[in-house]
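Everything on this sheet refers to the single structure shown next.
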Amino acid sequence: MPPLEEAQTTHLSADRADSEAEGITRFQGNVMVERGGSVLTGNEGLYDKRQNSVTLQGDVQINGQEMVAWGERAHVRLDEQSGQMQQGRYHFRSLHAFGRAETITIIDPDHTTLEQASYTTCMPGHEDWLLKARSVELDYATNTGEAYHTTLSFKGVPFLYTPYINFPLEGRKTGLLAPTIATSSSDGTDIRLPYYWNIAPHRDATTTPRNISGRGQMLETEFRYLNPASHGQANIDYLWNDKLLDEEDRHFYHYQHTARLSPGWRTDLLFNEVSDSAYFDDLGDSQVQTSQSHLDRRLDLRYQSRHWQFLGRVQNHQTLSGTSPYHRLPQLKLNGAGTRRPGRLYFDFSGEAVTFDHEQRLPTGTRLDLYPGVSLPLEGAAWFVTPRVALRHTQYALKEYDAAIYEERIERTLPIASLDGGLFFERDFKLGDSPMVQTLEPRLYYLHVPYKDQDDLPRFDTSEHDLSFNRLFNENRFNGADRVGDANQLTVALTSRFLDGSNGAERLRASLGQIRYFRDREVTLNARDSSAEQTSSAYVGELAFRPFSSLRFTGNARWNPHTETTEIITSRLRYQPDNDHSVYLGYSLHEEDALEQADLAVFWPVTRRWQFLGRWQYDLVQERNLDVVSGLEYRSCCWAARIVARSTLNTTSLEHERSVFFTLELKGLSTIGNRIDAEIEEGLLGIER
């Protein structure tokens, strides 16, 4: 019961008042006692001035800031802010909680006890779930509710007894969270029972015992902290004696920490480890986890100022599939740039020193890459021209290598020159009654890099860029420093935008571009790359369309005129009028990888209480489902239930694994943690907003 607020005076009123003895007054009819922010009412009352106490009878009501209580009889000591009520009913306003108790005792302003009590967040007369306890203790100072010898029932059916239960009165609180029950074709029944520990306002932990009938007992733990100058998270998940993997123990370790050392300086630590490469396929909860090929481990030291950025890093990986990348032990990067002003020289610099190491791959050694440049940005209201020259110097000191292929020390120095220019045209027009602005933005980008044989240079971390519209304007068609592509080429591009004339919002953007080559490319990663002799690149286009805030479409395409084939298409359509309604449609085509997929995800309320979620990811090449999710959630004022069925293609066995998840939330007693739409986006459906 909430405390009666302190005040200097007590106001009593009634239809009739009679003095019975010294200091004793009886009140009858519409008795009201006001003290601070609390009001007590009843049919009859007895006031003892010496003890400053009130005894009320008949339709008694105590109305405080946090709670309203009703009963047949109550005795309240006003100075001590304590009292007792018999046969009481109560309502917590902020918690939207209701209940009954044979006795409600106010011990002091921070502590209240209830005997033979019930508790629910459902409306009176519609108690879908009900907690009954022999006694309940409410501690407002610690935001804690404790109940003893408790029975929990749902729809009138008792389903849980516990001698003790702990729950929050408001907000975050230590205690049990809602359990999750799932079944799958491979693992059997999977039950999670999370326990949340609210250690401090800036620290918490969740421990989740997990029983997988087909595999065994598992424990998942998560610890989070948020300090003034640092934050981080640690996870330890452990499965003992996996029955489906020859009784082997399996684990997942994750730790992430970020700390600000001083203005501009910070450190980032990331560590990941799994016991085996199939861990996420068997025990992962999301597509993000199951699609990982490497687990990153790194320690970074970063500096950021207006003109300079520094990165010091040590990094290695745990390989789950594919080729294991080189370790960087260490990597040092320095980037800098001046202030860009039209008509003035603009200097920029990037440099890197990195030592590559590997247990099985050759060569290993150190690479130094220095890349200074200078440009002269010139621009007007409707045009810009930017000439630029740069010099890229790279040298290697190899430690372990094949002497028949490499030398111990190798150098490469190349000049790079480019000229970038464009025009801006615009016109005003009306679309119906709406003012609009259309732009036309042609752009030319010339790049010249002389050829130099680089076959004797190692390839530590270099691959060829996948050509996109933005990369039409790159100085190097390779990423990494091991290869610098020779170039004598001109990029021709055109962009048009449609802008809202009233607020400048971009409603439509369409771009198309192509590179014209004036000579064959001799620096390649593949000696059989016939595209190096073609006189032009593929056409690359992108489209962004947002007619209003709730609907947006983005698409990219690449078409090769030499083979007359569409090499890449990616398109994304999302309709999201608010956080409770979302439809996502995606399509991906990558001809080189023989990949063509369609993706549909829906989260949509079908009635006021029922919400539907679903996802269908389909492989159009193999004509098979990749991931199918469908589920329903029901939400009432005081509880929610969710059932989700899922069928996922196991990339290892190429068999579909089927599972069903069920969760019951009793509002005010347990919390699911994430709303269902957040889990759709980040978990089961794996779709980014």
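Ligands are numbered from 1 in the order shown, chains are lettered A, B, ... in the order of the structure tokens, and residues start at 1 in each chain.
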Once you count only C-alpha atoms, what closest atom pair and distance in Å to one decimal does each residue of stretch 480-521 of chain A within 9 Å of stretch 456-464 of chain A have, with rows by chain and rising residue number, as a Markdown table?
```
| residue | atom | partner | partner_atom | distance |
| --- | --- | --- | --- | --- |
| A:Gly480 | CA | A:Thr462 | CA | 4.7 |
| A:Ala481 | CA | A:Thr462 | CA | 6.8 |
| A:Asp482 | CA | A:Arg459 | CA | 5.6 |
| A:Arg483 | CA | A:Thr462 | CA | 6.9 |
```
Point to revise | Filtered DSSP result for stretch 220-317 of chain A, state strand (DSSP E or B), as a PyMOL selection string | key: chain A and resi 220-226+230-242+248-262+265-274+294-304+308-317
Point to revise | Members of stretch 247-424 of chain A assigned alpha helix (DSSP H) by DSSP, as a PyMOL selection string | key: chain A and resi 279-283+287-290
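For A:Gly264, the list of residues within 12 Å, based on only C-alpha atoms and with local chain neighbours fewer than 4 positions off taken out, reads Ala259, Arg260, Leu301, Arg302, Tyr303, Gln304, Ser305, Arg306, His307, Trp308, Gln309, Phe310 and Leu311 of chain A.
Pairwise distance (atom CA of A:Arg574, atom CA of A:Leu600) equals 9.9 Å.
Ranking A:Thr267, A:Thr9, A:His149, A:Gly99 by their shortest atom-to-atom distance to A:His126, with only C-alpha atoms included, puts A:Gly99 first.
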Point to revise | Non-local contacts of A:Phe347 (7 Å; only C-alpha atoms; under 2 positions in same chain excluded) as a PyMOL selection string | key: chain A and resi 337-338+345+349+373-375
Write to file, as a PDB file, in the first residue's frame, the residues of the selection just made, with all heavy atoms.
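Produced file result39.pdb, reproduced below:
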```pdb
ATOM      1  N   ALA A 337      43.428  14.463 -43.550  1.00  0.00           N
ATOM      2  CA  ALA A 337      42.968  15.329 -44.634  1.00  0.00           C
ATOM      3  C   ALA A 337      42.866  16.743 -44.113  1.00  0.00           C
ATOM      4  O   ALA A 337      42.578  16.977 -42.928  1.00  0.00           O
ATOM      5  CB  ALA A 337      41.615  14.864 -45.174  1.00  0.00           C
ATOM      6  N   GLY A 338      43.095  17.701 -45.016  1.00  0.00           N
ATOM      7  CA  GLY A 338      42.958  19.100 -44.655  1.00  0.00           C
ATOM      8  C   GLY A 338      41.515  19.545 -44.717  1.00  0.00           C
ATOM      9  O   GLY A 338      40.588  18.734 -44.814  1.00  0.00           O
ATOM     10  N   LEU A 345      44.111  24.158 -52.625  1.00  0.00           N
ATOM     11  CA  LEU A 345      44.635  22.802 -52.651  1.00  0.00           C
ATOM     12  C   LEU A 345      44.158  22.031 -51.424  1.00  0.00           C
ATOM     13  O   LEU A 345      44.127  22.558 -50.309  1.00  0.00           O
ATOM     14  CB  LEU A 345      46.158  22.829 -52.698  1.00  0.00           C
ATOM     15  CG  LEU A 345      46.793  23.337 -54.001  1.00  0.00           C
ATOM     16  CD1 LEU A 345      48.314  23.369 -53.865  1.00  0.00           C
ATOM     17  CD2 LEU A 345      46.384  22.473 -55.189  1.00  0.00           C
ATOM     18  N   PHE A 349      45.946  12.001 -46.967  1.00  0.00           N
ATOM     19  CA  PHE A 349      46.970  10.979 -46.789  1.00  0.00           C
ATOM     20  C   PHE A 349      46.353   9.752 -46.131  1.00  0.00           C
ATOM     21  O   PHE A 349      45.513   9.863 -45.229  1.00  0.00           O
ATOM     22  CB  PHE A 349      48.106  11.505 -45.901  1.00  0.00           C
ATOM     23  CG  PHE A 349      49.098  10.451 -45.494  1.00  0.00           C
ATOM     24  CD1 PHE A 349      50.130  10.083 -46.343  1.00  0.00           C
ATOM     25  CD2 PHE A 349      48.988   9.800 -44.270  1.00  0.00           C
ATOM     26  CE1 PHE A 349      51.036   9.102 -45.975  1.00  0.00           C
ATOM     27  CE2 PHE A 349      49.888   8.822 -43.891  1.00  0.00           C
ATOM     28  CZ  PHE A 349      50.915   8.469 -44.748  1.00  0.00           C
ATOM     29  N   GLY A 373      47.972  12.309 -51.433  1.00  0.00           N
ATOM     30  CA  GLY A 373      47.341  12.879 -52.614  1.00  0.00           C
ATOM     31  C   GLY A 373      47.033  14.345 -52.415  1.00  0.00           C
ATOM     32  O   GLY A 373      46.964  14.848 -51.289  1.00  0.00           O
ATOM     33  N   VAL A 374      46.828  15.045 -53.538  1.00  0.00           N
ATOM     34  CA  VAL A 374      46.474  16.455 -53.510  1.00  0.00           C
ATOM     35  C   VAL A 374      45.477  16.707 -54.632  1.00  0.00           C
ATOM     36  O   VAL A 374      45.593  16.156 -55.725  1.00  0.00           O
ATOM     37  CB  VAL A 374      47.721  17.356 -53.656  1.00  0.00           C
ATOM     38  CG1 VAL A 374      48.448  17.099 -54.968  1.00  0.00           C
ATOM     39  CG2 VAL A 374      47.342  18.827 -53.517  1.00  0.00           C
ATOM     40  N   SER A 375      44.464  17.519 -54.319  1.00  0.00           N
ATOM     41  CA  SER A 375      43.452  17.844 -55.319  1.00  0.00           C
ATOM     42  C   SER A 375      43.137  19.326 -55.239  1.00  0.00           C
ATOM     43  O   SER A 375      43.463  20.012 -54.257  1.00  0.00           O
ATOM     44  CB  SER A 375      42.188  17.007 -55.106  1.00  0.00           C
ATOM     45  OG  SER A 375      41.667  17.214 -53.798  1.00  0.00           O
TER      46      SER A 375
END
```
Practice item. Pick out the residues sitting within 7 Å of A:Leu589, and hand them over as a PyMOL selection string; count only C-alpha atoms, and ignore anything fewer than 2 positions along from it in its own chain. Key: chain A and resi 568-570+587+591+595-597
So that I have them on file, write out the residues from the current selection with all heavy atoms, as a PDB file, in the first residue's frame.
```pdb
ATOM      1  N   ILE A 568      23.760  -8.604 -61.996  1.00  0.00           N
ATOM      2  CA  ILE A 568      23.347  -8.387 -60.604  1.00  0.00           C
ATOM      3  C   ILE A 568      22.052  -7.580 -60.578  1.00  0.00           C
ATOM      4  O   ILE A 568      21.907  -6.600 -61.324  1.00  0.00           O
ATOM      5  CB  ILE A 568      24.435  -7.647 -59.797  1.00  0.00           C
ATOM      6  CG1 ILE A 568      25.650  -8.543 -59.573  1.00  0.00           C
ATOM      7  CG2 ILE A 568      23.902  -7.172 -58.450  1.00  0.00           C
ATOM      8  CD1 ILE A 568      26.785  -7.856 -58.842  1.00  0.00           C
ATOM      9  N   ILE A 569      21.130  -8.002 -59.726  1.00  0.00           N
ATOM     10  CA  ILE A 569      19.952  -7.206 -59.397  1.00  0.00           C
ATOM     11  C   ILE A 569      19.709  -7.352 -57.900  1.00  0.00           C
ATOM     12  O   ILE A 569      19.703  -8.463 -57.372  1.00  0.00           O
ATOM     13  CB  ILE A 569      18.688  -7.658 -60.148  1.00  0.00           C
ATOM     14  CG1 ILE A 569      18.826  -7.451 -61.656  1.00  0.00           C
ATOM     15  CG2 ILE A 569      17.463  -6.890 -59.632  1.00  0.00           C
ATOM     16  CD1 ILE A 569      17.611  -7.942 -62.426  1.00  0.00           C
ATOM     17  N   THR A 570      19.542  -6.257 -57.216  1.00  0.00           N
ATOM     18  CA  THR A 570      19.067  -6.276 -55.828  1.00  0.00           C
ATOM     19  C   THR A 570      17.965  -5.236 -55.717  1.00  0.00           C
ATOM     20  O   THR A 570      18.118  -4.099 -56.194  1.00  0.00           O
ATOM     21  CB  THR A 570      20.183  -5.957 -54.816  1.00  0.00           C
ATOM     22  OG1 THR A 570      20.706  -4.652 -55.080  1.00  0.00           O
ATOM     23  CG2 THR A 570      21.307  -6.972 -54.913  1.00  0.00           C
ATOM     24  N   TYR A 587      14.409  -8.976 -53.590  1.00  0.00           N
ATOM     25  CA  TYR A 587      14.807  -9.863 -54.691  1.00  0.00           C
ATOM     26  C   TYR A 587      16.294  -9.670 -54.931  1.00  0.00           C
ATOM     27  O   TYR A 587      16.795  -8.535 -54.948  1.00  0.00           O
ATOM     28  CB  TYR A 587      14.019  -9.544 -55.964  1.00  0.00           C
ATOM     29  CG  TYR A 587      14.501 -10.328 -57.175  1.00  0.00           C
ATOM     30  CD1 TYR A 587      14.130 -11.649 -57.370  1.00  0.00           C
ATOM     31  CD2 TYR A 587      15.349  -9.730 -58.106  1.00  0.00           C
ATOM     32  CE1 TYR A 587      14.579 -12.371 -58.472  1.00  0.00           C
ATOM     33  CE2 TYR A 587      15.806 -10.428 -59.214  1.00  0.00           C
ATOM     34  CZ  TYR A 587      15.414 -11.754 -59.395  1.00  0.00           C
ATOM     35  OH  TYR A 587      15.872 -12.459 -60.478  1.00  0.00           O
ATOM     36  N   GLU A 591      24.494 -13.427 -60.922  1.00  0.00           N
ATOM     37  CA  GLU A 591      24.693 -14.419 -61.972  1.00  0.00           C
ATOM     38  C   GLU A 591      25.963 -15.226 -61.769  1.00  0.00           C
ATOM     39  O   GLU A 591      25.975 -16.449 -61.961  1.00  0.00           O
ATOM     40  CB  GLU A 591      24.730 -13.706 -63.337  1.00  0.00           C
ATOM     41  CG  GLU A 591      24.822 -14.638 -64.533  1.00  0.00           C
ATOM     42  CD  GLU A 591      23.545 -15.438 -64.736  1.00  0.00           C
ATOM     43  OE1 GLU A 591      22.479 -14.961 -64.316  1.00  0.00           O
ATOM     44  OE2 GLU A 591      23.638 -16.545 -65.306  1.00  0.00           O
ATOM     45  N   LEU A 595      23.101 -17.326 -57.988  1.00  0.00           N
ATOM     46  CA  LEU A 595      22.213 -17.039 -56.858  1.00  0.00           C
ATOM     47  C   LEU A 595      21.046 -16.194 -57.339  1.00  0.00           C
ATOM     48  O   LEU A 595      21.229 -15.165 -57.997  1.00  0.00           O
ATOM     49  CB  LEU A 595      22.976 -16.311 -55.752  1.00  0.00           C
ATOM     50  CG  LEU A 595      22.230 -15.957 -54.467  1.00  0.00           C
ATOM     51  CD1 LEU A 595      23.188 -15.990 -53.281  1.00  0.00           C
ATOM     52  CD2 LEU A 595      21.594 -14.558 -54.558  1.00  0.00           C
ATOM     53  N   GLU A 596      19.847 -16.656 -57.013  1.00  0.00           N
ATOM     54  CA  GLU A 596      18.641 -15.885 -57.290  1.00  0.00           C
ATOM     55  C   GLU A 596      17.625 -16.216 -56.199  1.00  0.00           C
ATOM     56  O   GLU A 596      17.201 -17.367 -56.068  1.00  0.00           O
ATOM     57  CB  GLU A 596      18.065 -16.205 -58.659  1.00  0.00           C
ATOM     58  CG  GLU A 596      16.907 -15.300 -59.048  1.00  0.00           C
ATOM     59  CD  GLU A 596      16.373 -15.585 -60.443  1.00  0.00           C
ATOM     60  OE1 GLU A 596      16.760 -16.612 -61.033  1.00  0.00           O
ATOM     61  OE2 GLU A 596      15.571 -14.777 -60.942  1.00  0.00           O
ATOM     62  N   GLN A 597      17.266 -15.211 -55.419  1.00  0.00           N
ATOM     63  CA  GLN A 597      16.411 -15.442 -54.266  1.00  0.00           C
ATOM     64  C   GLN A 597      15.333 -14.371 -54.181  1.00  0.00           C
ATOM     65  O   GLN A 597      15.539 -13.223 -54.582  1.00  0.00           O
ATOM     66  CB  GLN A 597      17.231 -15.428 -52.964  1.00  0.00           C
ATOM     67  CG  GLN A 597      18.246 -16.543 -52.853  1.00  0.00           C
ATOM     68  CD  GLN A 597      19.046 -16.473 -51.565  1.00  0.00           C
ATOM     69  OE1 GLN A 597      18.844 -15.585 -50.742  1.00  0.00           O
ATOM     70  NE2 GLN A 597      19.960 -17.411 -51.380  1.00  0.00           N
TER      71      GLN A 597
END
```
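Near A:Leu472, within a cut-off of 9 Å and counting only C-alpha atoms, sit the residues A:Tyr445, A:Leu467, A:Ser468, A:Arg477, A:Thr491, A:Val492, A:Ala493, A:Gly513, A:Gln514, A:Ile515, A:Val540, with same-chain residues fewer than 4 positions away left out.
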Point to revise | A:Asp453 surroundings by only C-alpha atoms, 10 Å radius, close-in-sequence under 6 positions cut, as a PyMOL selection string | key: chain A and resi 412+483-484+486+522-523
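Compared by their closest atoms to A:Leu508, and using only C-alpha atoms, the residues A:Ala538, A:Ala353, A:Ala487, A:Met436 rank with A:Met436 nearest.
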Check your understanding: For A:Arg341, which residue among A:Gly501, A:Thr386, A:Asp619, A:Lys430 is the nearest when counting only C-alpha atoms?
Key ->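 Closest to A:Arg341 of all the choices is A:Thr386.
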Point to revise | Residue among A:Thr554, A:Gly322, A:Ser549, A:His358 lying closest to A:Gln576, counting only C-alpha atoms | key: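 Using only C-alpha atoms, A:Gln576 sits closest to A:Ser549.
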Check your understanding: Interatomic distance between atom CA of A:Asp285 and atom CA of A:Pro325?
Key ->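 Going from atom CA of A:Asp285 over to atom CA of A:Pro325, I get 25.9 Å.
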Check your understanding: If you measure from atom CA of A:Asp110 to atom CA of A:Arg224, what distance in Å do you get, rounded to one decimal?
Key ->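 Taking atom CA of A:Asp110 as the start and atom CA of A:Arg224 as the end point, the length is 29.3 Å.
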**Study point:** Shortest interatomic distance to A:Pro377 - which of A:Asp420, A:Glu34, A:Asp246, A:Glu400, counting only C-alpha atoms
**Key:**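 Of A:Asp420, A:Glu34, A:Asp246, A:Glu400, the one nearest A:Pro377 is A:Asp420, counting only C-alpha atoms.
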Kindly assemble as JSON lines a list of the stretch 21-135 of chain A residues that lie within 12 Å of stretch 658-666 of chain A, each paired with its nearest atom pair and their distance in Å to one decimal, using only C-alpha atoms, sorted first by chain and then by ascending residue number.
```
{"residue": "A:Ala97", "atom": "CA", "partner": "A:Leu666", "partner_atom": "CA", "distance": 11.6}
{"residue": "A:Tyr119", "atom": "CA", "partner": "A:Leu666", "partner_atom": "CA", "distance": 11.5}
{"residue": "A:Thr120", "atom": "CA", "partner": "A:Leu666", "partner_atom": "CA", "distance": 8.8}
{"residue": "A:Thr121", "atom": "CA", "partner": "A:Leu666", "partner_atom": "CA", "distance": 8.2}
{"residue": "A:Cys122", "atom": "CA", "partner": "A:Leu666", "partner_atom": "CA", "distance": 9.5}
{"residue": "A:Glu127", "atom": "CA", "partner": "A:Leu666", "partner_atom": "CA", "distance": 11.4}
{"residue": "A:Asp128", "atom": "CA", "partner": "A:Leu666", "partner_atom": "CA", "distance": 9.5}
{"residue": "A:Trp129", "atom": "CA", "partner": "A:Leu666", "partner_atom": "CA", "distance": 7.3}
{"residue": "A:Leu130", "atom": "CA", "partner": "A:Leu666", "partner_atom": "CA", "distance": 9.5}
{"residue": "A:Leu131", "atom": "CA", "partner": "A:Leu666", "partner_atom": "CA", "distance": 10.4}
```
